[in-house]
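Raw my_file-v7.pdb, PDB, C-alpha atoms:
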ATOM      1  CA  ASP A   1     114.430 -92.199 -27.516  1.00  0.00           C
ATOM      2  CA  ALA A   2     113.089 -95.293 -25.752  1.00  0.00           C
ATOM      3  CA  GLY A   3     110.120 -95.364 -28.027  1.00  0.00           C
ATOM      4  CA  VAL A   4     106.581 -95.819 -26.795  1.00  0.00           C
ATOM      5  CA  ILE A   5     106.570 -96.987 -23.199  1.00  0.00           C
ATOM      6  CA  GLN A   6     103.806 -99.073 -21.688  1.00  0.00           C
ATOM      7  CA  SER A   7     103.271-100.267 -18.155  1.00  0.00           C
ATOM      8  CA  PRO A   8     102.767-102.714 -16.709  1.00  0.00           C
ATOM      9  CA  ARG A   9     104.071-105.299 -19.170  1.00  0.00           C
ATOM     10  CA  HIS A  10     101.982-108.020 -17.566  1.00  0.00           C
ATOM     11  CA  GLU A  11      98.890-107.739 -15.433  1.00  0.00           C
ATOM     12  CA  VAL A  12      96.966-110.531 -13.785  1.00  0.00           C
ATOM     13  CA  THR A  13      93.801-109.601 -11.982  1.00  0.00           C
ATOM     14  CA  GLU A  14      90.581-111.109 -10.784  1.00  0.00           C
ATOM     15  CA  MET A  15      87.255-110.564 -12.406  1.00  0.00           C
ATOM     16  CA  GLY A  16      85.564-107.457 -11.104  1.00  0.00           C
ATOM     17  CA  GLN A  17      88.748-105.585 -10.320  1.00  0.00           C
ATOM     18  CA  GLU A  18      89.724-102.288 -11.895  1.00  0.00           C
ATOM     19  CA  VAL A  19      92.637-102.372 -14.303  1.00  0.00           C
ATOM     20  CA  THR A  20      94.629 -99.355 -15.474  1.00  0.00           C
ATOM     21  CA  LEU A  21      97.050 -99.555 -18.364  1.00  0.00           C
ATOM     22  CA  ARG A  22      99.517 -96.749 -18.999  1.00  0.00           C
ATOM     23  CA  CYS A  23     101.238 -95.356 -22.038  1.00  0.00           C
ATOM     24  CA  LYS A  24     103.905 -92.753 -22.703  1.00  0.00           C
ATOM     25  CA  PRO A  25     104.074 -91.836 -26.397  1.00  0.00           C
ATOM     26  CA  ILE A  26     107.162 -90.755 -28.286  1.00  0.00           C
ATOM     27  CA  SER A  27     107.966 -87.148 -27.501  1.00  0.00           C
ATOM     28  CA  GLY A  28     106.578 -84.807 -30.133  1.00  0.00           C
ATOM     29  CA  HIS A  29     104.046 -87.252 -31.545  1.00  0.00           C
ATOM     30  CA  ASP A  30     100.573 -85.791 -31.764  1.00  0.00           C
ATOM     31  CA  TYR A  31      98.505 -88.951 -32.273  1.00  0.00           C
ATOM     32  CA  LEU A  32      98.023 -91.756 -29.787  1.00  0.00           C
ATOM     33  CA  PHE A  33      96.182 -94.998 -30.436  1.00  0.00           C
ATOM     34  CA  TRP A  34      95.049 -97.855 -28.202  1.00  0.00           C
ATOM     35  CA  TYR A  35      94.700-101.285 -29.818  1.00  0.00           C
ATOM     36  CA  ARG A  36      93.671-104.684 -28.450  1.00  0.00           C
ATOM     37  CA  GLN A  37      95.144-107.891 -29.840  1.00  0.00           C
ATOM     38  CA  THR A  38      93.408-111.250 -29.552  1.00  0.00           C
ATOM     39  CA  MET A  39      93.877-114.529 -31.360  1.00  0.00           C
ATOM     40  CA  MET A  40      90.387-114.459 -32.777  1.00  0.00           C
ATOM     41  CA  ARG A  41      90.101-110.842 -33.877  1.00  0.00           C
ATOM     42  CA  GLY A  42      93.662-109.710 -34.385  1.00  0.00           C
ATOM     43  CA  LEU A  43      94.372-106.026 -33.777  1.00  0.00           C
ATOM     44  CA  GLU A  44      91.342-103.904 -33.005  1.00  0.00           C
ATOM     45  CA  LEU A  45      91.471-100.135 -32.705  1.00  0.00           C
ATOM     46  CA  LEU A  46      89.821 -99.067 -29.475  1.00  0.00           C
ATOM     47  CA  ILE A  47      90.310 -95.295 -29.419  1.00  0.00           C
ATOM     48  CA  TYR A  48      92.649 -92.630 -30.688  1.00  0.00           C
ATOM     49  CA  PHE A  49      93.620 -89.133 -29.610  1.00  0.00           C
ATOM     50  CA  ASN A  50      94.937 -86.109 -31.464  1.00  0.00           C
ATOM     51  CA  ASN A  51      96.691 -83.471 -29.378  1.00  0.00           C
ATOM     52  CA  ASN A  52      95.295 -85.111 -26.233  1.00  0.00           C
ATOM     53  CA  VAL A  53      91.697 -84.941 -27.478  1.00  0.00           C
ATOM     54  CA  PRO A  54      89.759 -88.177 -28.090  1.00  0.00           C
ATOM     55  CA  ILE A  55      88.779 -88.275 -31.749  1.00  0.00           C
ATOM     56  CA  ASP A  56      87.188 -91.669 -32.272  1.00  0.00           C
ATOM     57  CA  ASP A  57      86.184 -94.072 -29.505  1.00  0.00           C
ATOM     58  CA  SER A  58      83.857 -96.183 -31.611  1.00  0.00           C
ATOM     59  CA  GLY A  59      86.029 -99.226 -31.028  1.00  0.00           C
ATOM     60  CA  MET A  60      85.693 -99.153 -27.260  1.00  0.00           C
ATOM     61  CA  PRO A  61      83.762-102.331 -26.562  1.00  0.00           C
ATOM     62  CA  GLU A  62      81.659-101.255 -23.598  1.00  0.00           C
ATOM     63  CA  ASP A  63      81.161 -98.584 -21.006  1.00  0.00           C
ATOM     64  CA  ARG A  64      83.472-100.582 -18.779  1.00  0.00           C
ATOM     65  CA  PHE A  65      86.320 -99.235 -20.918  1.00  0.00           C
ATOM     66  CA  SER A  66      87.518 -95.661 -20.652  1.00  0.00           C
ATOM     67  CA  ALA A  67      90.615 -93.820 -21.856  1.00  0.00           C
ATOM     68  CA  LYS A  68      92.155 -90.501 -20.998  1.00  0.00           C
ATOM     69  CA  MET A  69      95.063 -88.408 -22.146  1.00  0.00           C
ATOM     70  CA  PRO A  70      95.618 -85.671 -19.574  1.00  0.00           C
ATOM     71  CA  ASN A  71      98.744 -84.400 -21.312  1.00  0.00           C
ATOM     72  CA  ALA A  72     100.919 -85.000 -24.348  1.00  0.00           C
ATOM     73  CA  SER A  73     103.138 -87.498 -22.588  1.00  0.00           C
ATOM     74  CA  PHE A  74     100.673 -89.768 -20.838  1.00  0.00           C
ATOM     75  CA  SER A  75      97.575 -91.802 -21.523  1.00  0.00           C
ATOM     76  CA  THR A  76      95.607 -94.402 -19.589  1.00  0.00           C
ATOM     77  CA  LEU A  77      93.180 -97.124 -20.556  1.00  0.00           C
ATOM     78  CA  LYS A  78      90.960 -98.238 -17.721  1.00  0.00           C
ATOM     79  CA  ILE A  79      88.706-101.265 -17.454  1.00  0.00           C
ATOM     80  CA  GLN A  80      86.216-101.278 -14.600  1.00  0.00           C
ATOM     81  CA  PRO A  81      85.028-103.861 -13.765  1.00  0.00           C
ATOM     82  CA  SER A  82      87.264-106.292 -15.624  1.00  0.00           C
ATOM     83  CA  GLU A  83      85.963-109.562 -17.067  1.00  0.00           C
ATOM     84  CA  PRO A  84      87.754-112.701 -18.301  1.00  0.00           C
ATOM     85  CA  ARG A  85      86.887-111.851 -21.909  1.00  0.00           C
ATOM     86  CA  ASP A  86      88.989-108.705 -21.579  1.00  0.00           C
ATOM     87  CA  SER A  87      92.099-110.871 -21.475  1.00  0.00           C
ATOM     88  CA  ALA A  88      94.279-109.764 -24.379  1.00  0.00           C
ATOM     89  CA  VAL A  89      97.410-107.842 -25.257  1.00  0.00           C
ATOM     90  CA  TYR A  90      96.801-104.101 -25.256  1.00  0.00           C
ATOM     91  CA  PHE A  91      99.037-101.969 -27.445  1.00  0.00           C
ATOM     92  CA  CYS A  92      99.599 -98.276 -27.422  1.00  0.00           C
ATOM     93  CA  ALA A  93     100.969 -96.612 -30.545  1.00  0.00           C
ATOM     94  CA  SER A  94     101.873 -93.052 -31.412  1.00  0.00           C
ATOM     95  CA  SER A  95     102.511 -91.196 -34.638  1.00  0.00           C
ATOM     96  CA  LEU A  96     103.441 -87.779 -35.922  1.00  0.00           C
ATOM     97  CA  SER A  97     100.596 -86.203 -37.865  1.00  0.00           C
ATOM     98  CA  SER A  98      99.184 -89.620 -38.573  1.00  0.00           C
ATOM     99  CA  ARG A  99     102.131 -90.962 -40.435  1.00  0.00           C
ATOM    100  CA  ASP A 100     103.755 -94.280 -39.489  1.00  0.00           C
ATOM    101  CA  LEU A 101     102.599 -95.923 -36.301  1.00  0.00           C
ATOM    102  CA  TYR A 102     105.168 -96.673 -33.597  1.00  0.00           C
ATOM    103  CA  PHE A 103     104.015 -99.358 -31.220  1.00  0.00           C
ATOM    104  CA  GLY A 104     104.819 -99.964 -27.604  1.00  0.00           C
ATOM    105  CA  PRO A 105     105.728-103.428 -26.300  1.00  0.00           C
ATOM    106  CA  GLY A 106     102.178-104.104 -25.179  1.00  0.00           C
ATOM    107  CA  THR A 107     100.561-105.049 -21.890  1.00  0.00           C
ATOM    108  CA  ARG A 108      99.436-108.650 -21.542  1.00  0.00           C
ATOM    109  CA  LEU A 109      96.282-108.640 -19.431  1.00  0.00           C
ATOM    110  CA  THR A 110      94.898-111.786 -17.863  1.00  0.00           C
ATOM    111  CA  VAL A 111      91.600-111.611 -16.016  1.00  0.00           C
ATOM    112  CA  THR A 112      90.803-114.720 -13.991  1.00  0.00           C
TER
ATOM    113  CA  ALA B 113      82.696 -99.817 -43.851  1.00  0.00           C
ATOM    114  CA  GLN B 114      86.417-100.418 -43.829  1.00  0.00           C
ATOM    115  CA  ARG B 115      87.553-104.002 -43.488  1.00  0.00           C
ATOM    116  CA  VAL B 116      90.811-105.886 -43.918  1.00  0.00           C
ATOM    117  CA  THR B 117      90.722-109.637 -44.425  1.00  0.00           C
ATOM    118  CA  GLN B 118      93.665-111.963 -44.064  1.00  0.00           C
ATOM    119  CA  PRO B 119      92.269-115.390 -44.882  1.00  0.00           C
ATOM    120  CA  GLU B 120      95.174-117.426 -43.528  1.00  0.00           C
ATOM    121  CA  LYS B 121      95.868-117.499 -39.805  1.00  0.00           C
ATOM    122  CA  LEU B 122      98.922-119.683 -40.313  1.00  0.00           C
ATOM    123  CA  LEU B 123     101.225-120.186 -43.265  1.00  0.00           C
ATOM    124  CA  SER B 124     104.101-122.625 -43.234  1.00  0.00           C
ATOM    125  CA  VAL B 125     106.722-122.818 -46.001  1.00  0.00           C
ATOM    126  CA  PHE B 126     110.184-124.259 -46.444  1.00  0.00           C
ATOM    127  CA  LYS B 127     113.268-122.084 -46.572  1.00  0.00           C
ATOM    128  CA  GLY B 128     113.926-120.982 -50.127  1.00  0.00           C
ATOM    129  CA  ALA B 129     110.331-121.419 -51.229  1.00  0.00           C
ATOM    130  CA  PRO B 130     108.209-118.507 -52.450  1.00  0.00           C
ATOM    131  CA  VAL B 131     105.768-117.054 -49.989  1.00  0.00           C
ATOM    132  CA  GLU B 132     102.592-115.032 -50.472  1.00  0.00           C
ATOM    133  CA  LEU B 133     100.537-113.644 -47.609  1.00  0.00           C
ATOM    134  CA  LYS B 134      97.097-112.667 -48.751  1.00  0.00           C
ATOM    135  CA  CYS B 135      95.276-109.479 -47.882  1.00  0.00           C
ATOM    136  CA  ASN B 136      91.955-108.239 -49.203  1.00  0.00           C
ATOM    137  CA  TYR B 137      90.279-105.048 -48.220  1.00  0.00           C
ATOM    138  CA  SER B 138      86.915-103.414 -48.383  1.00  0.00           C
ATOM    139  CA  TYR B 139      86.813 -99.659 -48.678  1.00  0.00           C
ATOM    140  CA  SER B 140      84.818 -97.351 -50.884  1.00  0.00           C
ATOM    141  CA  GLY B 141      87.300 -94.499 -51.044  1.00  0.00           C
ATOM    142  CA  SER B 142      91.006 -94.166 -51.756  1.00  0.00           C
ATOM    143  CA  PRO B 143      92.994 -96.248 -49.283  1.00  0.00           C
ATOM    144  CA  GLU B 144      96.549 -96.397 -48.109  1.00  0.00           C
ATOM    145  CA  LEU B 145      97.696 -99.963 -47.509  1.00  0.00           C
ATOM    146  CA  PHE B 146     100.472-101.175 -45.222  1.00  0.00           C
ATOM    147  CA  TRP B 147     102.123-104.338 -43.986  1.00  0.00           C
ATOM    148  CA  TYR B 148     103.276-104.484 -40.366  1.00  0.00           C
ATOM    149  CA  VAL B 149     105.403-107.272 -38.894  1.00  0.00           C
ATOM    150  CA  GLN B 150     105.992-108.529 -35.375  1.00  0.00           C
ATOM    151  CA  TYR B 151     109.061-110.703 -34.879  1.00  0.00           C
ATOM    152  CA  SER B 152     109.385-112.826 -31.753  1.00  0.00           C
ATOM    153  CA  ARG B 153     109.996-110.674 -28.686  1.00  0.00           C
ATOM    154  CA  GLN B 154     110.002-107.491 -30.760  1.00  0.00           C
ATOM    155  CA  ARG B 155     107.546-104.677 -31.233  1.00  0.00           C
ATOM    156  CA  LEU B 156     105.070-104.477 -34.029  1.00  0.00           C
ATOM    157  CA  GLN B 157     106.700-102.390 -36.755  1.00  0.00           C
ATOM    158  CA  LEU B 158     106.005-101.118 -40.228  1.00  0.00           C
ATOM    159  CA  LEU B 159     107.354-103.354 -42.978  1.00  0.00           C
ATOM    160  CA  LEU B 160     106.226-101.494 -46.076  1.00  0.00           C
ATOM    161  CA  ARG B 161     103.580 -99.156 -47.489  1.00  0.00           C
ATOM    162  CA  HIS B 162     102.034 -99.303 -50.921  1.00  0.00           C
ATOM    163  CA  ILE B 163     102.664 -95.674 -51.813  1.00  0.00           C
ATOM    164  CA  SER B 164     106.406 -96.185 -51.544  1.00  0.00           C
ATOM    165  CA  ARG B 165     106.431 -99.112 -53.948  1.00  0.00           C
ATOM    166  CA  GLU B 166     109.491-100.357 -52.128  1.00  0.00           C
ATOM    167  CA  SER B 167     111.046-103.726 -51.418  1.00  0.00           C
ATOM    168  CA  ILE B 168     111.944-104.317 -47.804  1.00  0.00           C
ATOM    169  CA  LYS B 169     113.865-107.420 -46.729  1.00  0.00           C
ATOM    170  CA  GLY B 170     113.015-108.896 -50.106  1.00  0.00           C
ATOM    171  CA  PHE B 171     109.274-108.416 -49.611  1.00  0.00           C
ATOM    172  CA  THR B 172     107.070-106.572 -52.080  1.00  0.00           C
ATOM    173  CA  ALA B 173     103.363-105.847 -52.188  1.00  0.00           C
ATOM    174  CA  ASP B 174     101.311-104.491 -55.055  1.00  0.00           C
ATOM    175  CA  LEU B 175      98.012-102.761 -54.598  1.00  0.00           C
ATOM    176  CA  ASN B 176      95.421-104.225 -56.958  1.00  0.00           C
ATOM    177  CA  LYS B 177      92.429-101.937 -56.824  1.00  0.00           C
ATOM    178  CA  GLY B 178      90.413-104.109 -59.185  1.00  0.00           C
ATOM    179  CA  GLU B 179      90.712-107.114 -56.916  1.00  0.00           C
ATOM    180  CA  THR B 180      90.959-104.978 -53.763  1.00  0.00           C
ATOM    181  CA  SER B 181      94.023-106.918 -52.725  1.00  0.00           C
ATOM    182  CA  PHE B 182      97.438-106.116 -51.303  1.00  0.00           C
ATOM    183  CA  HIS B 183      99.234-109.438 -51.105  1.00  0.00           C
ATOM    184  CA  LEU B 184     102.731-109.617 -49.612  1.00  0.00           C
ATOM    185  CA  LYS B 185     105.254-111.636 -51.574  1.00  0.00           C
ATOM    186  CA  LYS B 186     108.812-112.840 -51.316  1.00  0.00           C
ATOM    187  CA  PRO B 187     110.443-115.119 -53.888  1.00  0.00           C
ATOM    188  CA  PHE B 188     112.702-116.995 -51.479  1.00  0.00           C
ATOM    189  CA  ALA B 189     111.673-117.243 -47.836  1.00  0.00           C
ATOM    190  CA  GLN B 190     114.282-117.172 -45.069  1.00  0.00           C
ATOM    191  CA  GLU B 191     114.014-118.582 -41.551  1.00  0.00           C
ATOM    192  CA  GLU B 192     114.318-115.066 -40.122  1.00  0.00           C
ATOM    193  CA  ASP B 193     111.092-114.146 -41.932  1.00  0.00           C
ATOM    194  CA  SER B 194     109.139-116.185 -39.405  1.00  0.00           C
ATOM    195  CA  ALA B 195     106.870-113.684 -37.710  1.00  0.00           C
ATOM    196  CA  MET B 196     103.330-112.376 -37.403  1.00  0.00           C
ATOM    197  CA  TYR B 197     102.281-110.230 -40.345  1.00  0.00           C
ATOM    198  CA  TYR B 198      99.437-107.738 -40.314  1.00  0.00           C
ATOM    199  CA  CYS B 199      97.878-106.013 -43.290  1.00  0.00           C
ATOM    200  CA  ALA B 200      96.519-102.554 -42.501  1.00  0.00           C
ATOM    201  CA  LEU B 201      94.423 -99.878 -44.176  1.00  0.00           C
ATOM    202  CA  ARG B 202      93.952 -96.170 -43.737  1.00  0.00           C
ATOM    203  CA  ARG B 203      91.934 -93.658 -45.682  1.00  0.00           C
ATOM    204  CA  THR B 204      94.236 -91.484 -47.782  1.00  0.00           C
ATOM    205  CA  GLY B 205      94.937 -88.446 -45.669  1.00  0.00           C
ATOM    206  CA  GLY B 206      93.123 -90.025 -42.756  1.00  0.00           C
ATOM    207  CA  PHE B 207      94.179 -90.871 -39.238  1.00  0.00           C
ATOM    208  CA  LYS B 208      92.590 -94.172 -38.329  1.00  0.00           C
ATOM    209  CA  THR B 209      94.482 -97.351 -39.250  1.00  0.00           C
ATOM    210  CA  ILE B 210      92.637-100.650 -39.099  1.00  0.00           C
ATOM    211  CA  PHE B 211      94.303-104.041 -39.175  1.00  0.00           C
ATOM    212  CA  GLY B 212      93.477-107.510 -40.347  1.00  0.00           C
ATOM    213  CA  ALA B 213      93.522-110.493 -38.025  1.00  0.00           C
ATOM    214  CA  GLY B 214      97.110-111.318 -38.946  1.00  0.00           C
ATOM    215  CA  THR B 215      98.930-114.272 -40.504  1.00  0.00           C
ATOM    216  CA  ARG B 216     101.622-116.181 -38.667  1.00  0.00           C
ATOM    217  CA  LEU B 217     104.379-117.227 -41.049  1.00  0.00           C
ATOM    218  CA  PHE B 218     106.626-120.173 -40.218  1.00  0.00           C
ATOM    219  CA  VAL B 219     109.647-120.746 -42.413  1.00  0.00           C
ATOM    220  CA  LYS B 220     111.025-124.229 -41.893  1.00  0.00           C
ATOM    221  CA  ALA B 221     114.654-125.189 -42.409  1.00  0.00           C
TER
END

Translate this structure into structure tokens?
Amino acid sequence: DAGVIQSPRHEVTEMGQEVTLRCKPISGHDYLFWYRQTMMRGLELLIYFNNNVPIDDSGMPEDRFSAKMPNASFSTLKIQPSEPRDSAVYFCASSLSSRDLYFGPGTRLTVT
Amino acid sequence: AQRVTQPEKLLSVFKGAPVELKCNYSYSGSPELFWYVQYSRQRLQLLLRHISRESIKGFTADLNKGETSFHLKKPFAQEEDSAMYYCALRRTGGFKTIFGAGTRLFVKA
């Protein structure tokens, strides 16, 4: 298994543009989490899904952020419009029945 | 509210010296505590969990409910221990894991 897969690995975009980050969890895992990592705040939980259903999105910073999980093998995190303060590393993680988290390599987002 | 505090952003020690990475938490219920580690150019991964009471790569961590702490310790640091370390908390039986801000450990030769 290749583990959790995220794409793109790096994204540079201009302020105001739409950004879509993608995640493929480990096959068979029923939980999927999106985290944001910054120097100041560390790892923040944005949203998590159970069996493709969003359970807790209280960490989503603003309405500009949205996340979907149309099926068990794919999730997206969208930022529209993007702002420079959204620059961070975004991690996707999956787990089986909420046991250990398995993280993807992350997407480094830079908004200029 | 749940909160995990790692007071040190950066910790630098010499090889062979003891190391302690501090973690304090705030939670009213029964928590599960974890340490995750991210080595250079590697994925964030679980290092150890308090319920296992295990030693991984020479690291141990004891949950002190009285002091609400879960400090990570190693008696003799190695250069390969240099990494970013995150303390994390989850409600027992829960699904949501929250992390501290992380501590970067540098082990100097």

- Query: Quick one: residues within 9 Å of stretch 172-179 of chain B, only C-alpha atoms counted, chain neighbours fewer than 3 positions away excluded, as a PyMOL selection string?
  - Reply: chain B and resi 136-137+145-147+160-163+165-169+182-186

Could you save those same residues with C-alpha atoms as a JSON list (two decimals), keeping the file's coordinate frame?
[["chain", "number", "residue", "atom", "x", "y", "z"],
["B", 136, "ASN", "CA", 91.96, -108.24, -49.20],
["B", 137, "TYR", "CA", 90.28, -105.05, -48.22],
["B", 145, "LEU", "CA", 97.70, -99.96, -47.51],
["B", 146, "PHE", "CA", 100.47, -101.18, -45.22],
["B", 147, "TRP", "CA", 102.12, -104.34, -43.99],
["B", 160, "LEU", "CA", 106.23, -101.49, -46.08],
["B", 161, "ARG", "CA", 103.58, -99.16, -47.49],
["B", 162, "HIS", "CA", 102.03, -99.30, -50.92],
["B", 163, "ILE", "CA", 102.66, -95.67, -51.81],
["B", 165, "ARG", "CA", 106.43, -99.11, -53.95],
["B", 166, "GLU", "CA", 109.49, -100.36, -52.13],
["B", 167, "SER", "CA", 111.05, -103.73, -51.42],
["B", 168, "ILE", "CA", 111.94, -104.32, -47.80],
["B", 169, "LYS", "CA", 113.86, -107.42, -46.73],
["B", 182, "PHE", "CA", 97.44, -106.12, -51.30],
["B", 183, "HIS", "CA", 99.23, -109.44, -51.10],
["B", 184, "LEU", "CA", 102.73, -109.62, -49.61],
["B", 185, "LYS", "CA", 105.25, -111.64, -51.57],
["B", 186, "LYS", "CA", 108.81, -112.84, -51.32]]

List as CSV every residue of stretch 32-106 of chain A that is in contact with stretch 194-210 of chain B, defined as an atom at most 8 Å from one of its atoms (using all atoms listed in the file), together with the nearest atom pair and the distance in Å rounded to one decimal, sorted by chain and then rising number.
residue,atom,partner,partner_atom,distance
A:Leu43,CA,B:Ile210,CA,7.8
A:Glu44,CA,B:Ile210,CA,7.0
A:Leu45,CA,B:Ile210,CA,6.5
A:Tyr48,CA,B:Lys208,CA,7.8
A:Ser98,CA,B:Phe207,CA,5.2

Would you write out, as a tab-separated table, a table of all residues in chain A that have an atom no more than 12 Å from an atom of chain B, listing for each the closest atom pair and the distance in Å to one decimal, considering only C-alpha atoms and ordering rows by chain and rising residue number?
residue	atom	partner	partner_atom	distance
A:Gly3	CA	B:Arg155	CA	10.2
A:Val4	CA	B:Arg155	CA	10.0
A:Ile5	CA	B:Arg155	CA	11.2
A:Gln6	CA	B:Arg155	CA	11.7
A:Asp30	CA	B:Phe207	CA	11.1
A:Tyr31	CA	B:Phe207	CA	8.4
A:Leu32	CA	B:Phe207	CA	10.2
A:Phe33	CA	B:Lys208	CA	8.7
A:Trp34	CA	B:Lys208	CA	11.1
A:Tyr35	CA	B:Ile210	CA	9.5
A:Arg36	CA	B:Phe211	CA	10.8
A:Gln37	CA	B:Ala213	CA	8.7
A:Thr38	CA	B:Ala213	CA	8.5
A:Met39	CA	B:Ala213	CA	7.8
A:Met40	CA	B:Ala213	CA	7.3
A:Arg41	CA	B:Ala213	CA	5.4
A:Gly42	CA	B:Ala213	CA	3.7
A:Leu43	CA	B:Phe211	CA	5.8
A:Glu44	CA	B:Phe211	CA	6.8
A:Leu45	CA	B:Ile210	CA	6.5
A:Leu46	CA	B:Ile210	CA	10.2
A:Ile47	CA	B:Lys208	CA	9.3
A:Tyr48	CA	B:Lys208	CA	7.8
A:Phe49	CA	B:Phe207	CA	9.8
A:Asn50	CA	B:Phe207	CA	9.1
A:Ile55	CA	B:Phe207	CA	9.6
A:Asp56	CA	B:Lys208	CA	8.5
A:Asp57	CA	B:Lys208	CA	10.9
A:Ser58	CA	B:Lys208	CA	11.2
A:Gly59	CA	B:Ile210	CA	10.5
A:Phe91	CA	B:Leu156	CA	9.3
A:Cys92	CA	B:Leu156	CA	10.6
A:Ala93	CA	B:Leu156	CA	9.5
A:Ser94	CA	B:Phe207	CA	11.2
A:Ser95	CA	B:Phe207	CA	9.5
A:Leu96	CA	B:Phe207	CA	10.3
A:Ser97	CA	B:Phe207	CA	8.1
A:Ser98	CA	B:Phe207	CA	5.2
A:Arg99	CA	B:Phe207	CA	8.0
A:Asp100	CA	B:Leu158	CA	7.2
A:Leu101	CA	B:Leu158	CA	7.3
A:Tyr102	CA	B:Gln157	CA	6.7
A:Phe103	CA	B:Leu156	CA	5.9
A:Gly104	CA	B:Arg155	CA	6.5
A:Pro105	CA	B:Arg155	CA	5.4
A:Gly106	CA	B:Arg155	CA	8.1
A:Thr107	CA	B:Arg155	CA	11.7

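Residue membership of the PyMOL selection byres ((chain A and resi 22) around 6) in the shown file amounts to Gln6, Ser7, Leu21, Cys23, Ser75 and Thr76 of chain A.
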
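This file gives the following result for the PyMOL selection byres ((chain A and resi 108) around 7): Arg9, His10, Glu11, Ala88, Val89, Tyr90, Gly106, Thr107, Leu109 and Thr110 of chain A.
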